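*Asks:* Pasting start-v3.txt here (compact mmCIF, C-alpha atoms (C1' of nucleotides) and all ligand atoms):
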# COMPACT_ATOMS: atom_id res chain seq x y z
CA MET A 1 0.00 0.00 0.00
CA PRO A 2 2.73 2.58 0.65
CA ALA A 3 4.00 3.91 -2.67
CA MET A 4 7.53 4.44 -3.95
CA GLN A 5 9.15 2.93 -0.93
CA VAL A 6 12.76 1.91 -0.76
CA SER A 7 13.47 -1.75 0.07
CA ARG A 8 14.49 -2.94 3.52
CA LYS A 9 17.82 -3.95 2.05
CA VAL A 10 18.69 -0.38 1.15
CA ASP A 11 17.53 0.89 4.52
CA TYR A 12 19.67 -1.71 6.29
CA ALA A 13 22.66 -1.04 4.06
CA LEU A 14 22.56 2.66 4.81
CA ARG A 15 22.21 2.08 8.54
CA ALA A 16 25.19 -0.25 8.48
CA MET A 17 27.30 2.19 6.49
CA ILE A 18 26.43 5.04 8.83
CA TYR A 19 27.25 2.78 11.75
CA LEU A 20 30.66 2.04 10.27
CA SER A 21 31.27 5.69 9.55
CA PHE A 22 30.93 6.41 13.26
CA GLN A 23 33.67 3.85 13.93
CA GLU A 24 35.97 5.20 11.23
CA GLY A 25 39.61 4.65 12.16
CA GLY A 26 38.78 2.23 14.97
CA GLN A 27 38.50 -1.54 15.28
CA PRO A 28 36.52 -3.58 12.75
CA CYS A 29 32.89 -4.22 13.67
CA SER A 30 31.39 -7.69 13.48
CA VAL A 31 28.10 -8.30 11.73
CA GLY A 32 26.62 -9.37 15.07
CA GLN A 33 27.50 -6.06 16.63
CA ILE A 34 25.98 -3.98 13.85
CA ALA A 35 22.90 -6.19 13.58
CA SER A 36 22.03 -6.00 17.24
CA ASP A 37 22.80 -2.30 17.64
CA GLU A 38 20.76 -1.41 14.59
CA GLY A 39 18.03 -4.00 14.95
CA ILE A 40 18.71 -5.83 11.69
CA PRO A 41 18.38 -9.60 11.10
CA LYS A 42 21.96 -10.83 11.31
CA LYS A 43 22.06 -13.31 8.44
CA PHE A 44 20.30 -10.88 6.18
CA LEU A 45 22.71 -8.10 7.00
CA GLU A 46 25.61 -10.44 6.29
CA LYS A 47 24.44 -10.80 2.71
CA ILE A 48 23.89 -7.08 2.31
CA ILE A 49 27.37 -6.29 3.53
CA GLN A 50 28.77 -8.74 0.99
CA ASP A 51 27.19 -6.62 -1.71
CA LEU A 52 28.78 -3.53 -0.24
CA ILE A 53 32.14 -5.25 -0.17
CA HIS A 54 31.86 -6.29 -3.80
CA HIS A 55 31.13 -2.71 -4.70
CA GLY A 56 34.22 -1.51 -2.88
CA PHE A 57 32.56 0.40 -0.05
CA VAL A 58 33.41 -1.92 2.80
CA HIS A 59 36.60 -3.74 3.76
CA SER A 60 36.50 -7.01 5.68
CA THR A 61 38.88 -8.77 8.04
CA ARG A 62 38.31 -12.48 8.44
CA GLY A 63 38.82 -14.69 11.43
CA ALA A 64 38.60 -14.00 15.12
CA GLN A 65 38.54 -10.31 16.03
CA GLY A 66 37.60 -9.72 12.43
CA GLY A 67 34.79 -7.62 11.08
CA TYR A 68 34.10 -4.73 8.78
CA THR A 69 35.41 -1.21 8.25
CA LEU A 70 34.72 1.42 5.61
CA ALA A 71 36.89 0.89 2.56
CA ARG A 72 36.76 4.58 1.65
CA ASN A 73 36.49 7.86 3.48
CA ALA A 74 32.99 8.57 4.76
CA GLY A 75 33.06 11.91 2.99
CA THR A 76 33.36 10.21 -0.40
CA ILE A 77 30.43 7.82 -0.06
CA THR A 78 27.02 9.17 -0.93
CA PHE A 79 23.51 7.86 -0.35
CA LYS A 80 23.26 7.45 -4.11
CA ASP A 81 26.32 5.19 -4.08
CA VAL A 82 24.88 2.91 -1.46
CA ILE A 83 21.36 2.80 -2.85
CA GLU A 84 22.56 1.98 -6.35
CA ALA A 85 25.01 -0.63 -5.11
CA ILE A 86 22.21 -2.51 -3.38
CA GLU A 87 19.20 -1.93 -5.58
CA GLY A 88 20.46 -0.75 -8.93
CA PRO A 89 19.63 2.62 -10.44
CA VAL A 90 16.82 4.64 -8.93
CA SER A 91 14.06 5.38 -11.41
CA LEU A 92 10.82 6.84 -10.15
CA ASN A 93 9.04 5.75 -13.30
CA VAL A 94 10.01 3.37 -16.09
CA CYS A 95 10.96 6.19 -18.42
CA VAL A 96 13.29 8.20 -16.20
CA GLY A 97 16.66 7.59 -14.64
CA GLU A 98 19.47 5.46 -15.94
CA SER A 99 17.14 3.17 -17.87
CA GLY A 100 15.39 6.21 -19.32
CA GLU A 101 17.72 6.51 -22.28
CA ARG A 102 16.31 3.49 -24.09
CA SER A 103 12.80 3.52 -22.72
CA ASP A 104 11.08 4.21 -26.04
CA ASN A 105 9.98 0.61 -26.20
CA ILE A 106 9.06 0.37 -22.52
CA CYS A 107 6.89 3.44 -22.36
CA THR A 108 4.53 3.71 -25.29
CA LEU A 109 4.48 7.49 -25.50
CA TYR A 110 8.12 8.22 -24.79
CA PRO A 111 9.47 10.83 -25.25
CA ARG A 112 6.42 12.90 -26.16
CA CYS A 113 4.50 12.00 -23.04
CA ALA A 114 2.71 14.84 -21.30
CA MET A 115 3.87 13.88 -17.83
CA LEU A 116 7.42 12.84 -18.61
CA SER A 117 8.82 16.18 -17.48
CA VAL A 118 7.14 15.80 -14.11
CA TRP A 119 8.78 12.44 -13.48
CA GLN A 120 12.11 13.80 -14.64
CA GLU A 121 11.82 16.71 -12.25
CA ALA A 122 10.95 14.42 -9.34
CA GLN A 123 13.84 12.14 -10.24
CA ASN A 124 16.24 15.09 -10.32
CA ARG A 125 15.07 16.40 -6.98
CA VAL A 126 15.72 13.19 -5.10
CA MET A 127 18.88 12.30 -6.97
CA ASP A 128 20.35 15.72 -6.29
CA LEU A 129 19.81 15.08 -2.62
CA PHE A 130 21.12 11.51 -2.58
CA ALA A 131 24.14 12.39 -4.68
CA SER A 132 25.10 15.32 -2.48
CA THR A 133 24.59 13.66 0.90
CA THR A 134 27.57 11.70 2.20
CA LEU A 135 27.92 9.47 5.21
CA ALA A 136 30.13 12.14 6.75
CA ASP A 137 27.31 14.65 6.39
CA VAL A 138 24.84 12.70 8.48
CA ARG A 139 27.54 11.78 10.97
CA THR A 140 28.35 15.45 11.44
CA ARG A 141 24.74 16.39 12.01
CA HIS A 142 24.40 13.70 14.65
CA GLY A 143 26.81 13.97 17.56
CA ALA A 144 26.45 10.40 18.74
CA LEU A 145 25.42 7.17 17.04
CA PRO A 146 21.92 6.16 18.09
CA ARG A 147 21.56 2.51 18.99
CA VAL A 148 18.58 0.29 19.69
CA ALA A 149 19.76 -0.28 23.26
CA ASP A 150 19.86 3.45 23.92
CA ASP A 151 16.11 3.57 23.78
CA VAL A 152 15.84 1.36 26.83
CA VAL A 153 18.01 3.76 28.79
CA ALA A 154 16.30 6.83 27.38
CA GLY A 155 12.81 5.38 27.70
CA MET B 1 16.20 -4.06 -9.91
CA PRO B 2 15.06 -0.45 -10.44
CA ALA B 3 14.59 1.23 -7.06
CA MET B 4 11.75 3.37 -5.73
CA GLN B 5 9.62 2.96 -8.80
CA VAL B 6 5.98 3.84 -8.96
CA SER B 7 3.56 1.05 -9.91
CA ARG B 8 2.13 0.64 -13.37
CA LYS B 9 -1.29 1.33 -11.90
CA VAL B 10 -0.30 4.84 -10.89
CA ASP B 11 1.35 5.48 -14.21
CA TYR B 12 -1.77 4.32 -16.05
CA ALA B 13 -4.06 6.29 -13.78
CA LEU B 14 -2.17 9.49 -14.41
CA ARG B 15 -2.12 8.92 -18.15
CA ALA B 16 -5.86 8.35 -18.15
CA MET B 17 -6.51 11.44 -16.06
CA ILE B 18 -4.36 13.57 -18.32
CA TYR B 19 -6.16 12.10 -21.28
CA LEU B 20 -9.50 13.07 -19.80
CA SER B 21 -8.24 16.53 -18.96
CA PHE B 22 -7.58 17.11 -22.65
CA GLN B 23 -11.22 16.24 -23.38
CA GLU B 24 -12.59 18.46 -20.63
CA GLY B 25 -16.03 19.79 -21.54
CA GLY B 26 -16.45 17.36 -24.42
CA GLN B 27 -18.08 13.96 -24.86
CA PRO B 28 -17.36 11.14 -22.41
CA CYS B 29 -14.49 8.83 -23.38
CA SER B 30 -14.90 5.07 -23.32
CA VAL B 31 -12.33 2.88 -21.62
CA GLY B 32 -11.52 1.31 -24.99
CA GLN B 33 -10.69 4.70 -26.44
CA ILE B 34 -8.36 5.66 -23.62
CA ALA B 35 -6.74 2.23 -23.45
CA SER B 36 -5.88 2.08 -27.11
CA ASP B 37 -4.74 5.69 -27.38
CA GLU B 38 -2.53 5.37 -24.32
CA GLY B 39 -1.40 1.78 -24.79
CA ILE B 40 -2.91 0.44 -21.57
CA PRO B 41 -4.47 -3.04 -21.12
CA LYS B 42 -8.19 -2.35 -21.34
CA LYS B 43 -9.52 -4.55 -18.55
CA PHE B 44 -6.82 -3.37 -16.22
CA LEU B 45 -7.55 0.26 -16.94
CA GLU B 46 -11.22 -0.40 -16.28
CA LYS B 47 -10.42 -1.38 -12.72
CA ILE B 48 -8.11 1.56 -12.20
CA ILE B 49 -10.76 4.00 -13.38
CA GLN B 50 -13.20 2.46 -10.89
CA ASP B 51 -10.80 3.46 -8.13
CA LEU B 52 -10.65 6.97 -9.50
CA ILE B 53 -14.45 7.13 -9.60
CA HIS B 54 -14.72 5.95 -6.01
CA HIS B 55 -12.34 8.69 -4.99
CA GLY B 56 -14.44 11.30 -6.75
CA PHE B 57 -12.04 12.25 -9.53
CA VAL B 58 -13.89 10.73 -12.44
CA HIS B 59 -17.54 10.75 -13.43
CA SER B 60 -19.07 7.94 -15.45
CA THR B 61 -21.99 7.65 -17.83
CA ARG B 62 -23.32 4.14 -18.32
CA GLY B 63 -24.82 2.51 -21.37
CA ALA B 64 -24.29 3.08 -25.04
CA GLN B 65 -22.47 6.32 -25.86
CA GLY B 66 -21.33 6.27 -22.25
CA GLY B 67 -17.86 6.72 -20.88
CA TYR B 68 -15.85 8.84 -18.51
CA THR B 69 -15.25 12.49 -17.84
CA LEU B 70 -13.38 14.38 -15.14
CA ALA B 71 -15.57 14.89 -12.09
CA ARG B 72 -13.65 18.01 -11.04
CA ASN B 73 -11.80 20.80 -12.78
CA ALA B 74 -8.38 19.73 -14.08
CA GLY B 75 -6.80 22.61 -12.20
CA THR B 76 -7.94 21.19 -8.89
CA ILE B 77 -6.55 17.66 -9.31
CA THR B 78 -2.90 17.15 -8.44
CA PHE B 79 -0.48 14.31 -9.09
CA LYS B 80 -0.49 13.71 -5.35
CA ASP B 81 -4.26 13.24 -5.41
CA VAL B 82 -4.13 10.62 -8.13
CA ILE B 83 -1.11 8.76 -6.76
CA GLU B 84 -2.60 8.53 -3.29
CA ALA B 85 -6.00 7.48 -4.59
CA ILE B 86 -4.46 4.55 -6.40
CA GLU B 87 -1.57 3.49 -4.22
CA GLY B 88 -2.10 5.03 -0.83
CA PRO B 89 0.27 7.50 0.79
CA VAL B 90 3.71 7.94 -0.69
CA SER B 91 6.45 7.13 1.80
CA LEU B 92 9.99 6.84 0.54
CA ASN B 93 10.98 4.92 3.65
CA VAL B 94 8.94 3.24 6.36
CA CYS B 95 9.47 6.09 8.79
CA VAL B 96 8.44 9.06 6.65
CA GLY B 97 5.25 10.25 5.09
CA GLU B 98 1.73 9.74 6.33
CA SER B 99 2.61 6.55 8.20
CA GLY B 100 5.62 8.30 9.72
CA GLU B 101 3.69 9.61 12.69
CA ARG B 102 3.42 6.26 14.41
CA SER B 103 6.51 4.59 13.03
CA ASP B 104 8.31 4.24 16.34
CA ASN B 105 7.48 0.58 16.40
CA ILE B 106 8.22 -0.01 12.73
CA CYS B 107 11.62 1.58 12.62
CA THR B 108 13.79 0.59 15.56
CA LEU B 109 15.68 3.86 15.88
CA TYR B 110 12.86 6.28 15.21
CA PRO B 111 12.95 9.21 15.76
CA ARG B 112 16.62 9.51 16.70
CA CYS B 113 17.90 7.85 13.55
CA ALA B 114 20.87 9.51 11.89
CA MET B 115 19.41 9.34 8.40
CA LEU B 116 15.80 10.15 9.18
CA SER B 117 16.23 13.77 8.15
CA VAL B 118 17.55 12.74 4.77
CA TRP B 119 14.48 10.64 4.05
CA GLN B 120 12.24 13.41 5.27
CA GLU B 121 13.93 15.89 2.97
CA ALA B 122 13.59 13.54 -0.01
CA GLN B 123 9.95 12.96 0.84
CA ASN B 124 9.32 16.70 1.03
CA ARG B 125 10.99 17.37 -2.27
CA VAL B 126 8.88 14.95 -4.25
CA MET B 127 5.67 15.67 -2.38
CA ASP B 128 6.08 19.40 -2.93
CA LEU B 129 6.25 18.70 -6.63
CA PHE B 130 3.37 16.24 -6.75
CA ALA B 131 1.15 18.42 -4.60
CA SER B 132 1.76 21.51 -6.71
CA THR B 133 1.42 19.93 -10.15
CA THR B 134 -2.13 19.73 -11.47
CA LEU B 135 -3.52 18.03 -14.54
CA ALA B 136 -4.12 21.49 -15.98
CA ASP B 137 -0.42 22.30 -15.57
CA VAL B 138 0.78 19.45 -17.75
CA ARG B 139 -2.01 20.05 -20.23
CA THR B 140 -0.94 23.68 -20.60
CA ARG B 141 2.69 22.74 -21.18
CA HIS B 142 1.67 20.32 -23.90
CA GLY B 143 -0.27 21.83 -26.78
CA ALA B 144 -1.71 18.56 -28.07
CA LEU B 145 -2.39 15.22 -26.49
CA PRO B 146 0.18 12.65 -27.60
CA ARG B 147 -1.27 9.30 -28.62
CA VAL B 148 0.25 5.96 -29.42
CA ALA B 149 -1.05 6.15 -33.00
CA ASP B 150 0.69 9.48 -33.53
CA ASP B 151 4.03 7.72 -33.44
CA VAL B 152 3.18 5.79 -36.58
CA VAL B 153 2.47 9.01 -38.42
CA ALA B 154 5.47 10.81 -36.96
CA GLY B 155 7.67 7.83 -37.80
C1' DT C 1 43.27 -26.57 17.75
C1' DT C 2 39.55 -24.21 19.02
C1' DA C 3 36.62 -20.36 19.15
C1' DT C 4 35.43 -16.60 16.40
C1' DA C 5 34.67 -14.52 12.27
C1' DT C 6 33.63 -13.79 7.30
C1' DA C 7 32.22 -16.02 2.32
C1' DA C 8 29.31 -18.10 -0.88
C1' DG C 9 25.27 -19.63 -2.41
C1' DA C 10 21.31 -22.58 -2.36
C1' DC C 11 16.84 -22.53 -0.40
C1' DT C 12 12.12 -20.90 1.48
C1' DT C 13 7.91 -18.50 1.92
C1' DA C 14 4.35 -15.19 1.70
C1' DT C 15 2.93 -11.37 -0.58
C1' DC C 16 1.66 -8.80 -4.46
C1' DA C 17 1.98 -6.51 -8.99
C1' DG C 18 -0.14 -6.88 -12.99
C1' DG C 19 -3.20 -8.59 -15.05
C1' DT C 20 -7.66 -11.62 -16.91
C1' DC C 21 -12.43 -13.60 -16.83
C1' DT C 22 -17.28 -13.79 -15.82
C1' DG C 23 -21.40 -12.07 -15.34
C1' DA C 24 -24.06 -8.79 -14.17
C1' DA C 25 -26.67 -3.79 -14.62
C1' DT C 26 -27.70 0.34 -17.47
C1' DA C 27 -28.89 3.09 -21.33
C1' DG C 28 -29.60 4.60 -26.26
C1' DG C 29 -31.34 3.44 -31.01
C1' DG C 30 -34.34 1.21 -33.97
C1' DC D 1 -39.07 -4.34 -26.86
C1' DC D 2 -34.76 -6.01 -28.13
C1' DC D 3 -30.04 -5.42 -29.47
C1' DT D 4 -25.81 -3.42 -28.80
C1' DA D 5 -22.57 -0.56 -26.43
C1' DT D 6 -20.99 0.47 -22.39
C1' DT D 7 -19.87 0.63 -17.28
C1' DC D 8 -19.73 -2.14 -12.60
C1' DA D 9 -18.41 -5.65 -9.23
C1' DG D 10 -15.81 -9.12 -7.94
C1' DA D 11 -13.53 -13.48 -8.19
C1' DC D 12 -9.61 -15.40 -10.13
C1' DC D 13 -4.74 -16.29 -11.98
C1' DT D 14 0.28 -16.30 -12.40
C1' DG D 15 5.04 -15.23 -12.16
C1' DA D 16 8.15 -12.44 -9.74
C1' DT D 17 10.21 -10.74 -5.86
C1' DA D 18 11.09 -9.07 -1.07
C1' DA D 19 12.79 -10.58 2.92
C1' DG D 20 14.89 -13.77 5.15
C1' DT D 21 17.07 -18.60 6.50
C1' DC D 22 20.23 -22.57 6.22
C1' DT D 23 24.36 -24.87 5.19
C1' DT D 24 28.95 -25.46 4.41
C1' DA D 25 33.46 -23.75 3.70
C1' DT D 26 37.33 -20.74 4.80
C1' DA D 27 40.42 -17.69 7.43
C1' DT D 28 42.80 -16.14 11.65
C1' DA D 29 43.86 -14.74 16.56
C1' DA D 30 44.94 -16.61 20.77
S1 LIG E 1 5.06 7.79 -18.44
FE1 LIG E 1 6.88 7.20 -19.46
S2 LIG E 1 7.05 8.50 -21.17
FE2 LIG E 1 5.19 9.01 -20.16
S1 LIG E 2 15.41 4.60 8.83
FE1 LIG E 2 13.52 4.92 9.87
S2 LIG E 2 14.01 6.09 11.59
FE2 LIG E 2 15.86 5.67 10.59
Is it possible to express this structure as structure tokens?
*Replies:*
Amino acid sequence: MPAMQVSRKVDYALRAMIYLSFQEGGQPCSVGQIASDEGIPKKFLEKIIQDLIHHGFVHSTRGAQGGYTLARNAGTITFKDVIEAIEGPVSLNVCVGESGERSDNICTLYPRCAMLSVWQEAQNRVMDLFASTTLADVRTRHGALPRVADDVVAG
Amino acid sequence: MPAMQVSRKVDYALRAMIYLSFQEGGQPCSVGQIASDEGIPKKFLEKIIQDLIHHGFVHSTRGAQGGYTLARNAGTITFKDVIEAIEGPVSLNVCVGESGERSDNICTLYPRCAMLSVWQEAQNRVMDLFASTTLADVRTRHGALPRVADDVVAG
DNA sequence: TTATATAAGACTTATCAGGTCTGAATAGGG
DNA sequence: CCCTATTCAGACCTGATAAGTCTTATATAA
């Protein structure tokens, strides 16, 4: 019923990346740590992080005391990067976004459609935001990393 | 694979509404007419239009020579109206939008999540656009109504 | 050599998008 | 009054996918 919603995978991926950005320069974090602090199913998160590794955003250390760290500086990783790594290109409608170039056989009226410009504008608005927001940006805005357990204390 | 995409239903609904807005004041249009001009599966469109009728956006005339017309002025119907009628409230992530008010038990970190503000900003950007764009707006920008058949002529 | 991690990938399950099909009810024309 | 064009209501179908689990293998610190 809710429209245009991002998948859980993307949500989890971003939470994990933000989590790691708060630990930048420190010890690697295990998947168990991240999963419980962020309230994410552990096995599911494990798979998501693999995707992030394969896209070069996360570095892993195997074995005991192992875990994950950011592979690049938090200031160089944008929301767009993470979203596209996990879900592929964002496209608010079939005829806009990365796939929009060859959508003349997907969308019957392309490119003379009356509402095409509206979808393009919407696409630009969100992509501008996602492309210009880095992990470092949200870290800066938030002094401390919120955790699930904190709510118990705060509650 | 494409992320955050609107459903075909919404796309079809908007096309049909724009189509009707071009006929404003004229004869009712049958579902067959709209479907073939816009390249939409007829039976599917029939159901979609029923939703639009139930939400008060479309008026129907039954029987021979019957069909559909806009129930309200094209200048008073926004993209937001149509999208929400068909798909329910837009919410780019589980914690924003209409359902965002009581999302403290959906989203584990709400409302102290580090990235919540980013999703809220994205939500605002697209909703501002959808809420301020009416059917009359896109009709004005486009002189004539594009149809599937026109492409054959235009070659 | 054991406990602690990640790595890879097959597997499951329920929901749902995107339709289709059937059979009404309604209205205009002859 | 009947035929045809149309909308209306709702059940039904089908393949894909989101969201997650399970299993086994591999690496490494202590
Ligand atoms: S909706 Fe895709 S070109 Fe119009
Ligand atoms: S993602 Fe929902 S509150 Fe953070």
*Asks:* Taking only C-alpha atoms (C1' of nucleotides) into account, name the residue in B:Pro2, B:Gly66, B:Pro146, B:Pro28 that is nearest to chain C.
*Replies:*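 When distances to chain C are compared using only C-alpha atoms (C1' of nucleotides), the smallest one comes from B:Gly66.
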*Asks:* Any chance you could tabulate, as a tab-separated table, the residues of chain B at most 12 Å from chain C with each one's nearest atom pair and distance in Å to one decimal, using all atoms listed in the file, in chain and rising number order?
*Replies:*
residue	atom	partner	partner_atom	distance
B:Val6	CA	C:DA17	C1'	11.1
B:Ser7	CA	C:DA17	C1'	7.8
B:Arg8	CA	C:DG18	C1'	7.9
B:Lys9	CA	C:DG18	C1'	8.4
B:Val10	CA	C:DA17	C1'	11.7
B:Tyr12	CA	C:DG18	C1'	11.7
B:Ile40	CA	C:DG19	C1'	11.1
B:Pro41	CA	C:DG19	C1'	8.3
B:Lys42	CA	C:DG19	C1'	10.2
B:Lys43	CA	C:DT20	C1'	7.5
B:Phe44	CA	C:DG19	C1'	6.5
B:Leu45	CA	C:DG19	C1'	10.0
B:Glu46	CA	C:DG19	C1'	11.5
B:Lys47	CA	C:DG19	C1'	10.5
B:Ile48	CA	C:DG19	C1'	11.6
B:Ser60	CA	C:DT26	C1'	11.7
B:Thr61	CA	C:DA27	C1'	9.0
B:Arg62	CA	C:DT26	C1'	5.9
B:Gly63	CA	C:DA27	C1'	4.1
B:Ala64	CA	C:DG28	C1'	5.7
B:Gln65	CA	C:DG28	C1'	7.3
B:Gly66	CA	C:DA27	C1'	8.3
B:Gly67	CA	C:DA27	C1'	11.6
B:Glu87	CA	C:DA17	C1'	11.6
*Asks:* Quick one: pull the distance between CA of Val31 (chain A) and CA of Tyr68 (chain A), Å, one decimal.
*Replies:*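 Value for the CA of Val31 (chain A)-CA of Tyr68 (chain A) distance: 7.6 Å.
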*Asks:* Chain B superposed on chain A over all ordered C-alpha pairs, least squares: can you write that as a compact mmCIF listing (two decimals) with C-alpha atoms, keeping the file's coordinate frame?
*Replies:*
# COMPACT_ATOMS: atom_id res chain seq x y z
CA MET B 1 -0.06 0.02 0.00
CA PRO B 2 2.70 2.59 0.64
CA ALA B 3 3.97 3.93 -2.69
CA MET B 4 7.50 4.44 -3.97
CA GLN B 5 9.13 2.95 -0.93
CA VAL B 6 12.73 1.92 -0.77
CA SER B 7 13.47 -1.72 0.07
CA ARG B 8 14.48 -2.89 3.51
CA LYS B 9 17.81 -3.92 2.04
CA VAL B 10 18.68 -0.34 1.15
CA ASP B 11 17.52 0.92 4.50
CA TYR B 12 19.66 -1.68 6.28
CA ALA B 13 22.64 -1.01 4.06
CA LEU B 14 22.55 2.68 4.80
CA ARG B 15 22.19 2.09 8.52
CA ALA B 16 25.18 -0.24 8.48
CA MET B 17 27.28 2.20 6.48
CA ILE B 18 26.42 5.04 8.83
CA TYR B 19 27.24 2.78 11.72
CA LEU B 20 30.65 2.04 10.25
CA SER B 21 31.25 5.69 9.53
CA PHE B 22 30.92 6.41 13.25
CA GLN B 23 33.66 3.84 13.92
CA GLU B 24 35.97 5.19 11.23
CA GLY B 25 39.61 4.64 12.16
CA GLY B 26 38.76 2.22 14.96
CA GLN B 27 38.51 -1.55 15.28
CA PRO B 28 36.53 -3.58 12.74
CA CYS B 29 32.88 -4.22 13.66
CA SER B 30 31.40 -7.69 13.47
CA VAL B 31 28.10 -8.29 11.72
CA GLY B 32 26.60 -9.36 15.05
CA GLN B 33 27.52 -6.05 16.61
CA ILE B 34 25.98 -3.98 13.84
CA ALA B 35 22.89 -6.17 13.57
CA SER B 36 22.04 -6.00 17.23
CA ASP B 37 22.81 -2.30 17.62
CA GLU B 38 20.75 -1.40 14.57
CA GLY B 39 18.01 -3.99 14.93
CA ILE B 40 18.70 -5.79 11.66
CA PRO B 41 18.36 -9.58 11.09
CA LYS B 42 21.93 -10.80 11.30
CA LYS B 43 22.04 -13.28 8.43
CA PHE B 44 20.29 -10.86 6.16
CA LEU B 45 22.70 -8.08 6.99
CA GLU B 46 25.58 -10.43 6.29
CA LYS B 47 24.44 -10.78 2.70
CA ILE B 48 23.87 -7.07 2.29
CA ILE B 49 27.36 -6.28 3.53
CA GLN B 50 28.76 -8.74 0.98
CA ASP B 51 27.18 -6.60 -1.73
CA LEU B 52 28.76 -3.52 -0.25
CA ILE B 53 32.15 -5.24 -0.17
CA HIS B 54 31.84 -6.29 -3.80
CA HIS B 55 31.12 -2.70 -4.71
CA GLY B 56 34.21 -1.51 -2.88
CA PHE B 57 32.56 0.40 -0.06
CA VAL B 58 33.40 -1.92 2.79
CA HIS B 59 36.58 -3.72 3.75
CA SER B 60 36.52 -6.98 5.67
CA THR B 61 38.90 -8.74 8.02
CA ARG B 62 38.33 -12.47 8.39
CA GLY B 63 38.81 -14.72 11.37
CA ALA B 64 38.59 -14.08 15.06
CA GLN B 65 38.59 -10.39 16.00
CA GLY B 66 37.60 -9.76 12.40
CA GLY B 67 34.81 -7.63 11.07
CA TYR B 68 34.12 -4.72 8.78
CA THR B 69 35.39 -1.22 8.23
CA LEU B 70 34.71 1.42 5.61
CA ALA B 71 36.90 0.89 2.56
CA ARG B 72 36.77 4.58 1.63
CA ASN B 73 36.51 7.87 3.47
CA ALA B 74 32.99 8.57 4.76
CA GLY B 75 33.04 11.91 2.98
CA THR B 76 33.37 10.22 -0.38
CA ILE B 77 30.42 7.81 -0.06
CA THR B 78 27.00 9.18 -0.92
CA PHE B 79 23.49 7.88 -0.35
CA LYS B 80 23.24 7.47 -4.10
CA ASP B 81 26.30 5.21 -4.09
CA VAL B 82 24.88 2.90 -1.45
CA ILE B 83 21.35 2.81 -2.86
CA GLU B 84 22.56 1.98 -6.35
CA ALA B 85 25.00 -0.64 -5.10
CA ILE B 86 22.21 -2.49 -3.38
CA GLU B 87 19.19 -1.93 -5.57
CA GLY B 88 20.44 -0.74 -8.91
CA PRO B 89 19.60 2.62 -10.44
CA VAL B 90 16.80 4.64 -8.92
CA SER B 91 14.04 5.36 -11.41
CA LEU B 92 10.80 6.80 -10.14
CA ASN B 93 9.02 5.71 -13.30
CA VAL B 94 10.01 3.34 -16.08
CA CYS B 95 10.96 6.16 -18.41
CA VAL B 96 13.30 8.17 -16.18
CA GLY B 97 16.64 7.59 -14.61
CA GLU B 98 19.48 5.47 -15.89
CA SER B 99 17.16 3.18 -17.86
CA GLY B 100 15.41 6.22 -19.30
CA GLU B 101 17.76 6.51 -22.24
CA ARG B 102 16.37 3.52 -24.07
CA SER B 103 12.85 3.53 -22.72
CA ASP B 104 11.14 4.21 -26.03
CA ASN B 105 10.07 0.62 -26.21
CA ILE B 106 9.10 0.35 -22.56
CA CYS B 107 6.92 3.40 -22.37
CA THR B 108 4.57 3.70 -25.32
CA LEU B 109 4.53 7.48 -25.52
CA TYR B 110 8.16 8.19 -24.80
CA PRO B 111 9.53 10.80 -25.25
CA ARG B 112 6.48 12.89 -26.16
CA CYS B 113 4.52 11.97 -23.05
CA ALA B 114 2.73 14.82 -21.32
CA MET B 115 3.89 13.85 -17.85
CA LEU B 116 7.44 12.81 -18.62
CA SER B 117 8.83 16.14 -17.48
CA VAL B 118 7.14 15.78 -14.12
CA TRP B 119 8.78 12.42 -13.49
CA GLN B 120 12.10 13.78 -14.64
CA GLU B 121 11.82 16.69 -12.25
CA ALA B 122 10.94 14.39 -9.35
CA GLN B 123 13.83 12.12 -10.24
CA ASN B 124 16.22 15.08 -10.31
CA ARG B 125 15.06 16.38 -6.98
CA VAL B 126 15.69 13.17 -5.10
CA MET B 127 18.86 12.29 -6.97
CA ASP B 128 20.33 15.72 -6.29
CA LEU B 129 19.80 15.07 -2.62
CA PHE B 130 21.10 11.52 -2.60
CA ALA B 131 24.13 12.40 -4.69
CA SER B 132 25.09 15.32 -2.48
CA THR B 133 24.58 13.67 0.91
CA THR B 134 27.56 11.71 2.19
CA LEU B 135 27.91 9.45 5.20
CA ALA B 136 30.12 12.13 6.75
CA ASP B 137 27.29 14.66 6.39
CA VAL B 138 24.83 12.70 8.48
CA ARG B 139 27.53 11.77 10.96
CA THR B 140 28.37 15.45 11.46
CA ARG B 141 24.74 16.39 12.03
CA HIS B 142 24.42 13.70 14.66
CA GLY B 143 26.82 13.97 17.58
CA ALA B 144 26.47 10.37 18.75
CA LEU B 145 25.44 7.18 17.06
CA PRO B 146 21.93 6.17 18.10
CA ARG B 147 21.54 2.50 19.00
CA VAL B 148 18.57 0.31 19.71
CA ALA B 149 19.76 -0.27 23.28
CA ASP B 150 19.87 3.47 23.93
CA ASP B 151 16.10 3.57 23.81
CA VAL B 152 15.86 1.38 26.88
CA VAL B 153 18.04 3.77 28.82
CA ALA B 154 16.32 6.86 27.44
CA GLY B 155 12.94 5.31 28.20
*Asks:* Please determine the contact residues of chain A with respect to chain B at a cut-off of 8 Å, counting all atoms listed in the file, and supply them as a ChimeraX atom specification.
*Replies:* /A:1-7,11,15,18,38-39,87-94,108-109,112-115,122,125-126,129,138-139,141-142,145-148,151
*Asks:* Please report the interatomic distance between CA of Arg72 (chain A) and CA of Ser36 (chain A) in Å with one decimal.
*Replies:*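 Interatomic distance here is 23.9 Å.
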*Asks:* Up to 9 Å from chain A, what residues of chain D turn up? Count only C-alpha atoms (C1' of nucleotides) and give them as a count of residues only.
*Replies:* 8
